[in-house]
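Trainee: Before anything else, here's the structure in question.
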Amino acid sequence: KLQFLYLIEADRREQGGRAGMGRIFKTYIEAPSLYVCNDCATHVVASDSIISKQFHGRHGKAYLFEDVVNVTLGPTEERMLLTGIHQVADFYCNGCDKALGWKYKHATDPSQKYKEGKYIVEKAMVKKTLV
């Protein structure tokens with residue numbers, strides 16, 4: 001289970017984010033270990049909430065999760081992946097705007113429907129840390 005400890009207000013422009021985006025709130029995850037952004041250490045997801053490690057992304061290994069925090073979704077696009085055509089949206093770290101993975105929005109193949117609404121986090125973009 002994810003337990004959210006508290007929210008803290010951060011000014012995105014001070015952290016090198018996109019100008020004009022205003023203020024964001026970061027969610028801090030209370031868990032024994034979690035994955036954080038490689039570049040800015042923003043909390044992304046508790047490591048014990050992983051669904052599967054049997055995925056591959058643009059940069060190698062990737063993990064499937066039900067939900068992530070402190071990210072912003074990009075536009076939805078159709079993409080040909082190893083398992084067929086999917087509608088996906090890349091997501092970006094709220095702390096530094098680094099692309100961390102994608103969200104499955106729609107799968108055309110009925111056998112791939114279980115992925116809809118879930119997130120692929122690329123292992124190369126995050127690091128596991130102990131709290």
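Simple scheme: letters A, B, ... for chains in structure tokens order, numbers from 1 for residues in each chain, numbers from 1 for ligands in the order shown.
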Leaving out segment 112-129 of chain A and any residue of its chain fewer than 6 positions from it, which residues lie within 7 Å of it when counting only C-alpha atoms, given as a PyMOL selection string?

Mentor: chain A and resi 33-38+57+59+61-67+100-106
